[in-house]
>>> print(open('protein.cif').read())   # mmCIF, C-alpha atoms
data_upload
#
loop_
_atom_site.label_atom_id
_atom_site.label_comp_id
_atom_site.auth_asym_id
_atom_site.auth_seq_id
_atom_site.Cartn_x
_atom_site.Cartn_y
_atom_site.Cartn_z
CA MET A 1 40.56 17.06 196.79
CA VAL A 2 36.82 17.71 196.49
CA ARG A 3 34.42 17.06 199.35
CA THR A 4 30.76 16.37 198.55
CA LEU A 5 27.73 17.17 200.70
CA THR A 6 24.05 16.65 199.93
CA ALA A 7 20.80 18.04 201.34
CA TRP A 8 17.10 17.97 200.53
CA THR A 9 13.77 19.47 201.44
CA ASP A 10 10.20 18.62 200.53
CA GLU A 11 8.91 21.94 201.91
CA ALA A 12 7.62 23.65 198.75
CA ASP A 13 5.68 26.45 200.46
CA ASP A 14 7.41 27.64 203.63
CA GLU A 15 10.60 29.50 202.65
CA ALA A 16 12.01 29.79 206.16
CA LEU A 17 11.48 26.13 206.96
CA ALA A 18 13.02 24.99 203.69
CA VAL A 19 16.10 27.15 204.28
CA GLU A 20 16.44 25.82 207.83
CA GLN A 21 16.23 22.21 206.63
CA ILE A 22 18.85 22.67 203.91
CA LYS A 23 21.28 24.62 206.08
CA SER A 24 20.97 22.25 209.02
CA GLN A 25 21.87 19.27 206.84
CA LEU A 26 24.89 21.05 205.37
CA ASP A 27 26.05 22.32 208.78
CA ALA A 28 25.77 18.82 210.20
CA ASP A 29 28.21 17.58 207.56
CA GLY A 30 30.93 20.04 208.47
CA SER A 31 32.31 23.40 207.41
CA LEU A 32 32.89 24.46 203.83
CA MET A 33 36.33 24.73 202.30
CA LYS A 34 37.88 27.63 200.36
CA ASN A 35 35.96 27.12 197.10
CA THR A 36 32.38 25.86 196.87
CA VAL A 37 29.56 25.47 194.37
CA GLY A 38 26.08 24.00 194.70
CA ILE A 39 24.22 21.93 192.10
CA VAL A 40 20.48 21.98 192.56
CA ALA A 41 17.50 20.11 191.15
CA CYS A 42 13.88 20.67 192.05
CA HIS A 43 10.28 20.47 190.94
CA TYR A 44 9.11 23.74 189.39
CA GLU A 45 6.70 24.28 192.32
CA PHE A 46 9.75 25.33 194.36
CA VAL A 47 10.40 28.08 191.81
CA LEU A 48 6.81 29.30 191.65
CA SER A 49 6.51 29.44 195.45
CA GLY A 50 9.77 31.36 195.95
CA VAL A 51 11.35 28.59 198.03
CA LEU A 52 14.15 27.94 195.54
CA LYS A 53 15.18 31.59 195.45
CA ALA A 54 15.11 31.80 199.25
CA VAL A 55 17.33 28.72 199.57
CA CYS A 56 19.84 30.00 196.99
CA GLU A 57 20.01 33.44 198.61
CA ALA A 58 20.65 31.86 202.02
CA LEU A 59 23.69 29.93 200.83
CA PRO A 60 27.17 31.54 200.74
CA PHE A 61 28.11 30.12 197.32
CA ASP A 62 26.90 29.97 193.73
CA VAL A 63 24.08 27.53 193.02
CA VAL A 64 23.27 26.27 189.51
CA GLY A 65 21.09 23.50 188.17
CA THR A 66 17.77 22.68 186.53
CA ILE A 67 14.14 21.89 187.10
CA SER A 68 13.41 18.17 187.11
CA SER A 69 10.38 15.93 187.35
CA SER A 70 12.01 13.76 190.05
CA GLN A 71 15.27 13.51 191.99
CA SER A 72 17.05 11.58 194.69
CA VAL A 73 19.78 11.95 197.30
CA SER A 74 20.77 9.65 200.13
CA GLY A 75 17.71 9.21 202.28
CA ARG A 76 15.04 10.61 199.97
CA THR A 77 13.56 10.04 196.49
CA ASP A 78 10.47 11.86 195.20
CA SER A 79 8.98 14.15 192.57
CA LEU A 80 8.01 17.14 194.74
CA LEU A 81 11.50 17.63 196.10
CA LEU A 82 14.44 20.03 196.13
CA THR A 83 17.85 18.38 196.25
CA LEU A 84 21.27 19.98 196.53
CA MET A 85 24.76 18.63 195.94
CA VAL A 86 27.57 20.81 197.28
CA LEU A 87 31.14 20.49 195.99
CA THR A 88 33.71 22.13 198.24
CA SER A 89 37.50 22.15 198.01
CA ASP A 90 40.67 23.96 199.03
CA ASP A 91 42.52 23.17 195.81
CA ALA A 92 39.83 22.80 193.13
CA GLU A 93 38.15 25.95 191.82
CA PHE A 94 34.61 26.36 190.47
CA VAL A 95 33.82 29.14 187.99
CA LYS A 96 30.15 29.71 187.19
CA THR A 97 28.89 31.35 184.02
CA LEU A 98 25.43 32.03 182.57
CA THR A 99 24.86 32.59 178.86
CA PRO A 100 22.62 35.22 177.30
CA SER A 101 19.42 33.95 175.71
CA LEU A 102 19.86 30.95 173.41
CA MET A 103 16.79 31.84 171.36
CA GLU A 104 19.02 33.46 168.75
CA ALA A 105 22.64 32.63 167.86
CA PRO A 106 23.03 29.95 170.59
CA ALA A 107 26.50 28.94 169.40
CA GLN A 108 27.80 32.47 169.74
CA ALA A 109 26.19 32.91 173.15
CA ILE A 110 27.70 29.69 174.53
CA THR A 111 31.14 30.30 173.03
CA GLU A 112 31.43 33.85 174.31
CA SER A 113 30.22 32.90 177.79
CA TYR A 114 32.73 30.08 177.99
CA LYS A 115 35.63 32.26 176.85
CA MET A 116 34.75 35.01 179.34
CA ALA A 117 34.73 32.49 182.21
CA CYS A 118 37.74 30.47 181.12
CA LYS A 119 41.10 31.08 182.76
CA ALA A 120 44.48 30.79 181.03
CA GLU A 121 44.51 27.02 181.41
CA LYS A 122 41.82 24.55 180.42
CA PRO A 123 39.40 23.38 183.10
CA ALA A 124 39.45 19.71 184.04
CA LEU A 125 35.66 19.44 183.66
CA ILE A 126 32.67 21.43 182.46
CA LEU A 127 29.29 20.92 184.13
CA ALA A 128 26.49 22.11 181.81
CA PHE A 129 22.84 22.85 182.60
CA ALA A 130 20.76 23.56 179.51
CA PRO A 131 17.18 24.71 178.86
CA PHE A 132 14.64 22.62 176.99
CA LEU A 133 14.05 24.55 173.75
CA LEU A 134 12.41 22.73 170.85
CA GLN A 135 14.10 24.94 168.28
CA ASN A 136 17.59 24.10 169.57
CA SER A 137 19.52 20.83 169.42
CA GLY A 138 21.26 19.40 172.45
CA ASP A 139 23.90 18.09 170.05
CA GLU A 140 24.63 21.66 168.99
CA TYR A 141 25.08 22.69 172.61
CA VAL A 142 27.57 19.87 173.17
CA ASN A 143 29.45 20.41 169.91
CA VAL A 144 29.84 24.13 170.59
CA ILE A 145 31.12 23.54 174.12
CA SER A 146 33.58 20.92 172.84
CA GLU A 147 34.89 23.23 170.14
CA ALA A 148 35.14 26.28 172.38
CA SER A 149 36.94 24.36 175.14
CA GLY A 150 39.22 22.30 172.93
CA GLY A 151 37.61 19.05 173.99
CA VAL A 152 37.31 19.43 177.77
CA PRO A 153 35.06 16.66 179.19
CA CYS A 154 31.51 17.98 179.56
CA PHE A 155 28.84 16.46 181.79
CA GLY A 156 25.33 17.67 182.45
CA THR A 157 21.65 17.75 181.60
CA VAL A 158 18.76 19.42 179.84
CA ALA A 159 15.93 20.56 182.11
CA VAL A 160 12.66 18.63 182.12
CA ASP A 161 9.37 19.12 183.94
CA ASP A 162 6.10 17.20 184.19
CA THR A 163 3.89 19.66 182.29
CA LEU A 164 2.35 18.61 178.96
CA ASP A 165 4.06 21.41 177.04
CA PHE A 166 7.36 21.51 179.00
CA SER A 167 6.63 25.14 179.86
CA ASN A 168 8.50 25.19 183.18
CA CYS A 169 11.84 23.67 182.17
CA PHE A 170 13.95 26.29 183.93
CA VAL A 171 17.69 26.58 184.33
CA ILE A 172 18.72 27.89 187.74
CA ALA A 173 21.55 30.39 188.32
CA ASP A 174 22.18 33.59 190.23
CA CYS A 175 19.22 32.79 192.53
CA GLU A 176 16.94 33.16 189.51
CA HIS A 177 15.26 30.83 187.04
CA HIS A 178 15.75 31.13 183.29
CA ARG A 179 13.76 29.62 180.43
CA ASP A 180 16.27 30.25 177.63
CA LYS A 181 19.78 30.40 179.13
CA MET A 182 22.48 27.82 179.85
CA ALA A 183 24.52 27.71 183.03
CA MET A 184 27.99 26.16 183.18
CA VAL A 185 30.49 25.45 185.93
CA LEU A 186 34.13 25.23 184.91
CA VAL A 187 36.00 23.02 187.36
CA TYR A 188 39.75 23.62 187.73
CA GLY A 189 42.26 21.58 189.69
CA GLU A 190 43.81 18.16 189.93
CA ILE A 191 40.56 16.26 189.62
CA GLN A 192 40.03 13.12 187.56
CA PRO A 193 36.32 12.68 186.87
CA LYS A 194 35.13 9.25 185.77
CA PHE A 195 32.10 8.74 183.56
CA TYR A 196 29.62 5.88 183.22
CA ILE A 197 26.78 5.39 180.75
CA ALA A 198 23.91 2.90 180.66
CA ASN A 199 21.83 2.70 177.54
CA LEU A 200 20.23 -0.37 175.97
CA SER A 201 21.44 -3.94 175.80
CA GLU A 202 22.62 -5.11 172.39
CA SER A 203 19.98 -7.84 172.59
CA LYS A 204 17.25 -5.16 172.46
CA ILE A 205 18.34 -3.84 169.05
CA LEU A 206 15.99 -4.78 166.22
CA ASP A 207 17.40 -6.54 163.16
CA LYS A 208 16.84 -3.90 160.48
CA SER A 209 19.50 -1.19 160.48
CA ALA A 210 19.53 1.74 158.07
CA VAL A 211 21.85 4.52 156.95
CA VAL A 212 20.70 8.09 157.47
CA THR A 213 20.75 9.54 153.95
CA LYS A 214 18.84 12.81 154.46
CA SER A 215 18.38 14.87 157.61
CA ALA A 216 18.41 18.42 158.92
CA GLY A 217 19.61 18.55 162.50
CA PRO A 218 17.06 16.59 164.56
CA VAL A 219 14.72 16.06 161.59
CA LEU A 220 15.10 12.61 160.05
CA MET A 221 13.87 12.62 156.44
CA GLU A 222 15.28 9.59 154.65
CA VAL A 223 17.07 6.36 155.46
CA ASN A 224 18.62 4.13 152.81
CA GLU A 225 17.52 6.83 150.33
CA ARG A 226 13.87 6.10 151.15
CA PRO A 227 11.36 8.20 153.14
CA VAL A 228 11.61 7.49 156.85
CA MET A 229 7.92 6.49 156.94
CA GLU A 230 8.74 3.57 154.64
CA TYR A 231 11.30 2.44 157.21
CA PHE A 232 8.63 2.65 159.92
CA GLU A 233 6.31 0.71 157.63
CA ASP A 234 8.92 -2.06 157.22
CA LEU A 235 9.03 -2.33 161.03
CA GLY A 236 5.23 -2.19 161.43
CA LEU A 237 5.41 1.12 163.28
CA VAL A 238 3.34 3.47 161.13
CA GLN A 239 0.48 3.61 163.65
CA ALA A 240 2.85 3.88 166.63
CA SER A 241 4.69 6.79 165.02
CA GLU A 242 1.53 8.89 165.21
CA THR A 243 2.05 9.36 168.97
CA GLN A 244 5.19 10.23 170.91
CA TYR A 245 4.13 8.12 173.90
CA ALA A 246 3.84 4.95 171.80
CA MET A 247 7.35 5.51 170.42
CA SER A 248 8.96 6.42 173.76
CA SER A 249 9.78 2.75 174.36
CA LEU A 250 11.34 2.42 170.90
CA PRO A 251 14.44 4.64 170.89
CA PHE A 252 16.84 4.96 168.00
CA LEU A 253 20.48 4.03 168.41
CA LEU A 254 22.98 5.91 166.25
CA ASP A 255 26.37 4.57 165.25
CA TYR A 256 28.52 7.50 164.13
CA ASN A 257 30.90 5.00 162.49
CA ASP A 258 33.89 6.65 164.16
CA GLY A 259 34.75 4.03 166.76
CA THR A 260 32.62 5.58 169.52
CA PRO A 261 29.77 3.71 171.24
CA LYS A 262 26.24 3.98 169.87
CA VAL A 263 24.20 6.92 171.19
CA SER A 264 20.45 6.81 171.86
CA LYS A 265 18.00 9.34 170.43
CA ILE A 266 14.29 9.60 171.16
CA PHE A 267 11.51 10.13 168.61
CA ILE A 268 9.36 13.18 169.43
CA ALA A 269 6.83 13.66 166.64
CA LEU A 270 6.08 13.61 162.93
CA THR A 271 6.16 16.78 160.83
CA PRO A 272 3.33 17.51 158.37
CA GLU A 273 5.67 16.11 155.71
CA LYS A 274 5.90 12.84 157.70
CA TYR A 275 9.49 13.43 158.71
CA ALA A 276 10.58 12.23 162.17
CA ILE A 277 11.59 14.89 164.69
CA CYS A 278 14.05 13.48 167.23
CA ALA A 279 15.46 14.79 170.50
CA GLY A 280 18.92 15.18 169.03
CA ALA A 281 20.76 15.48 165.74
CA MET A 282 20.54 12.63 163.22
CA PRO A 283 23.68 13.16 161.11
CA GLN A 284 23.80 11.92 157.55
CA GLY A 285 26.03 8.90 157.10
CA SER A 286 25.37 7.50 160.55
CA THR A 287 23.86 4.05 160.93
CA LEU A 288 20.43 3.94 162.54
CA TYR A 289 19.10 1.09 164.65
CA MET A 290 15.78 0.83 166.40
CA ALA A 291 15.62 -0.84 169.79
CA THR A 292 13.11 -1.66 172.48
CA SER A 293 13.28 -0.10 175.95
CA GLU A 294 11.92 -2.40 178.65
CA LYS A 295 11.74 -2.29 182.45
CA ASP A 296 14.00 -5.27 183.04
CA ASP A 297 16.62 -3.98 180.63
CA ILE A 298 16.68 -0.55 182.25
CA MET A 299 17.41 -2.14 185.61
CA LEU A 300 19.96 -4.50 184.06
CA THR A 301 21.93 -1.81 182.23
CA THR A 302 21.84 0.60 185.16
CA GLY A 303 22.99 -2.19 187.45
CA GLN A 304 25.90 -2.93 185.13
CA ALA A 305 26.94 0.73 185.16
CA VAL A 306 26.71 0.77 188.96
CA ASP A 307 28.91 -2.34 189.15
CA MET A 308 31.58 -0.50 187.17
CA MET A 309 31.24 2.59 189.37
CA LEU A 310 31.60 0.60 192.57
CA GLU A 311 34.84 -0.86 191.27
CA SER A 312 36.27 2.65 190.83
CA LEU A 313 35.36 4.45 194.06
CA LYS A 314 38.93 4.93 195.26
CA GLY A 315 39.52 8.66 195.58
CA ALA A 316 35.92 9.59 194.68
CA SER A 317 33.98 11.94 196.98
CA GLY A 318 30.57 11.85 195.31
CA ALA A 319 28.49 10.95 192.27
CA LEU A 320 26.36 13.24 190.12
CA ILE A 321 23.85 11.21 188.12
CA TYR A 322 21.25 12.01 185.45
CA SER A 323 18.73 9.61 183.93
CA CYS A 324 16.48 10.33 180.96
CA VAL A 325 12.79 10.90 181.67
CA SER A 326 12.03 8.24 179.04
CA ARG A 327 13.58 5.62 181.32
CA SER A 328 11.23 6.52 184.18
CA MET A 329 8.33 6.52 181.69
CA THR A 330 9.22 2.98 180.71
CA LEU A 331 9.27 2.00 184.39
CA GLY A 332 5.65 3.19 184.60
CA ALA A 333 4.11 2.69 188.04
CA GLU A 334 7.61 1.86 189.34
CA GLN A 335 9.06 5.16 188.11
CA PHE A 336 11.44 5.45 191.09
CA LYS A 337 12.82 1.92 190.79
CA GLU A 338 16.04 3.03 189.09
CA MET A 339 16.59 5.76 191.68
CA GLU A 340 15.92 3.30 194.48
CA LEU A 341 18.63 1.03 193.07
CA ILE A 342 21.10 3.93 193.21
CA SER A 343 20.01 4.79 196.75
CA GLN A 344 20.59 1.24 197.92
CA ARG A 345 23.88 0.57 196.18
CA VAL A 346 25.62 3.92 195.63
CA GLY A 347 24.10 5.75 198.59
CA ALA A 348 25.61 3.19 200.94
CA CYS A 349 29.11 4.12 199.70
CA LEU A 350 29.26 7.86 199.04
CA PRO A 351 27.10 11.01 198.66
CA TYR A 352 25.18 11.21 195.40
CA MET A 353 22.46 13.17 193.65
CA MET A 354 20.37 11.58 190.88
CA VAL A 355 18.10 13.69 188.71
CA CYS A 356 15.56 12.99 185.97
CA SER A 357 16.76 14.53 182.72
CA GLY A 358 15.41 15.87 179.43
CA GLY A 359 18.66 14.99 177.64
CA GLU A 360 22.02 13.81 178.91
CA ILE A 361 25.49 15.25 178.27
CA CYS A 362 28.37 12.87 178.89
CA PRO A 363 31.63 11.86 177.24
CA THR A 364 31.87 8.48 175.56
CA GLN A 365 35.16 6.61 175.40
CA ALA A 366 36.49 5.92 171.91
CA SER A 367 38.46 2.81 171.09
CA PHE A 368 41.64 4.86 170.83
CA GLY A 369 41.24 6.17 174.37
CA LYS A 370 40.04 9.74 173.76
CA ALA A 371 36.92 11.10 175.46
CA ILE A 372 34.39 12.57 173.04
CA ASN A 373 31.45 14.59 174.37
CA ARG A 374 28.04 13.37 173.23
CA PHE A 375 24.40 14.32 173.72
CA HIS A 376 22.25 11.33 174.71
CA ASN A 377 18.58 10.43 175.11
CA ASN A 378 17.22 7.45 177.04
CA ALA A 379 20.51 7.18 178.91
CA PHE A 380 21.69 6.86 182.49
CA ILE A 381 24.88 8.86 183.00
CA ALA A 382 27.08 9.23 186.08
CA CYS A 383 30.13 11.28 186.98
CA LEU A 384 32.35 10.30 189.88
CA LEU A 385 34.13 13.31 191.36
#
>>> encode(input="protein.cif", output="structure tokens")
Amino acid sequence: MVRTLTAWTDEADDEALAVEQIKSQLDADGSLMKNTVGIVACHYEFVLSGVLKAVCEALPFDVVGTISSSQSVSGRTDSLLLTLMVLTSDDAEFVKTLTPSLMEAPAQAITESYKMACKAEKPALILAFAPFLLQNSGDEYVNVISEASGGVPCFGTVAVDDTLDFSNCFVIADCEHHRDKMAMVLVYGEIQPKFYIANLSESKILDKSAVVTKSAGPVLMEVNERPVMEYFEDLGLVQASETQYAMSSLPFLLDYNDGTPKVSKIFIALTPEKYAICAGAMPQGSTLYMATSEKDDIMLTTGQAVDMMLESLKGASGALIYSCVSRSMTLGAEQFKEMELISQRVGACLPYMMVCSGGEICPTQASFGKAINRFHNNAFIACLL
């Protein structure tokens, strides 16, 4: 059995006060069990001020997580916030590991770190916290973890901040912040995590699909054996493709044609050659759809995922939730509306932490019943523990 506690502070300057607030909330919820780990999310101001490090050093367990542009726990939702979810158990075990730099040979770094942390048996779950590095693909991270672990379910996020150049997208581990390393928590024990994904309604998919015929990782070059710009031209999106913001409400949906659900990918920019750079791999042979992301549909799809979660709460102690920053961008002036929905509906039932994400890691369920780990954009993902 896993017990879940949450705490928060909005004190970004006073280290002592922030520590007192976090510890008092955790103490009020009861004593910790034999094995404990903390999952943190915070605005980068908490790193720069030293508050994050002070909080982590004051806690008697490992803390891992990422920077985020906004987060929520029961009772509080905001941007300038530090939130903490604590998992504690007498029979589940939590093994933390931190990779070397992922700037070179990321696959080797992740594989070796996993193998060093892994016990004789497979973990029941891997929680992954990855840095935002333009030169690396989130799909590669997920594929490497899946291969190294033999297909253990993996759930997690890529860090995101609110700077223009994403310069403060830190991963947090060992009371320090890291710009180029990945942290993982291997969870052992008789746990049965449940996963939920909200993406886009089928009704928001545009009519013209295409087959990816030439790509290189996240770089989309040709569809239907034609330059990708001609595809944009067919859809009347040549002008929109010149800016990432204009395209943020027009995500791609990829069908891997293997029986798994479609996965969303976000357009980032055009290369000088007029290729499309996406926030995730665009594998050749997959079928590409373009869709529209709208406020009402975000709330609809998230609400549908919450309905499914609320039907499956038996035995659950908490919910860890990540939602792509592109969803909050689409919500505009109501950027916290999705988090407020979770606070109202999930927060009334069990402890949760919801965090804005730069890329989501969550298994999808194939038609033949096997969980396959995927890297998502523009998605809402949840893990019941």
>>> residues_around(input="protein.cif", residues="stretch 6-14 of chain A", least_positions_apart="4", cutoff="6 Å", atoms="all atoms listed in the file", output="PyMOL selection string")
chain A and resi 18+22+25+46+49+81-85
>>> resolve_selection(input="protein.cif", expression="the PyMOL selection byres ((chain A and resi 163) around 12)", output="JSON, numbers by chain")
{"A": [43, 44, 45, 67, 68, 69, 160, 161, 162, 164, 165, 166, 167, 168, 169]}
>>> residues_around(input="protein.cif", residues="A:Glu294", least_positions_apart="2", cutoff="9 Å", atoms="all atoms listed in the file", output="mmCIF file with C-alpha atoms, in the frame of the given file")
data_model
loop_
_atom_site.group_PDB
_atom_site.id
_atom_site.type_symbol
_atom_site.label_atom_id
_atom_site.label_comp_id
_atom_site.auth_asym_id
_atom_site.auth_seq_id
_atom_site.Cartn_x
_atom_site.Cartn_y
_atom_site.Cartn_z
ATOM 1 C CA LEU A 200 20.230 -0.370 175.970
ATOM 2 C CA LYS A 204 17.250 -5.160 172.460
ATOM 3 C CA SER A 249 9.780 2.750 174.360
ATOM 4 C CA THR A 292 13.110 -1.660 172.480
ATOM 5 C CA ASP A 296 14.000 -5.270 183.040
ATOM 6 C CA ASP A 297 16.620 -3.980 180.630
ATOM 7 C CA ILE A 298 16.680 -0.550 182.250
ATOM 8 C CA MET A 299 17.410 -2.140 185.610
ATOM 9 C CA ARG A 327 13.580 5.620 181.320
ATOM 10 C CA THR A 330 9.220 2.980 180.710
ATOM 11 C CA LEU A 331 9.270 2.000 184.390
#
>>> closest_residue(input="protein.cif", among="A:Ala41, A:Val152, A:Leu125, A:Leu254", to="A:Val171", atoms="all atoms listed in the file")
A:Ala41
>>> atom_distance(input="protein.cif", atom1="atom CA of A:Gly189", atom2="atom CA of A:Phe94")
9.1 Å
>>> atom_distance(input="protein.cif", atom1="atom CA of A:Leu310", atom2="atom CA of A:Tyr352")
12.7 Å
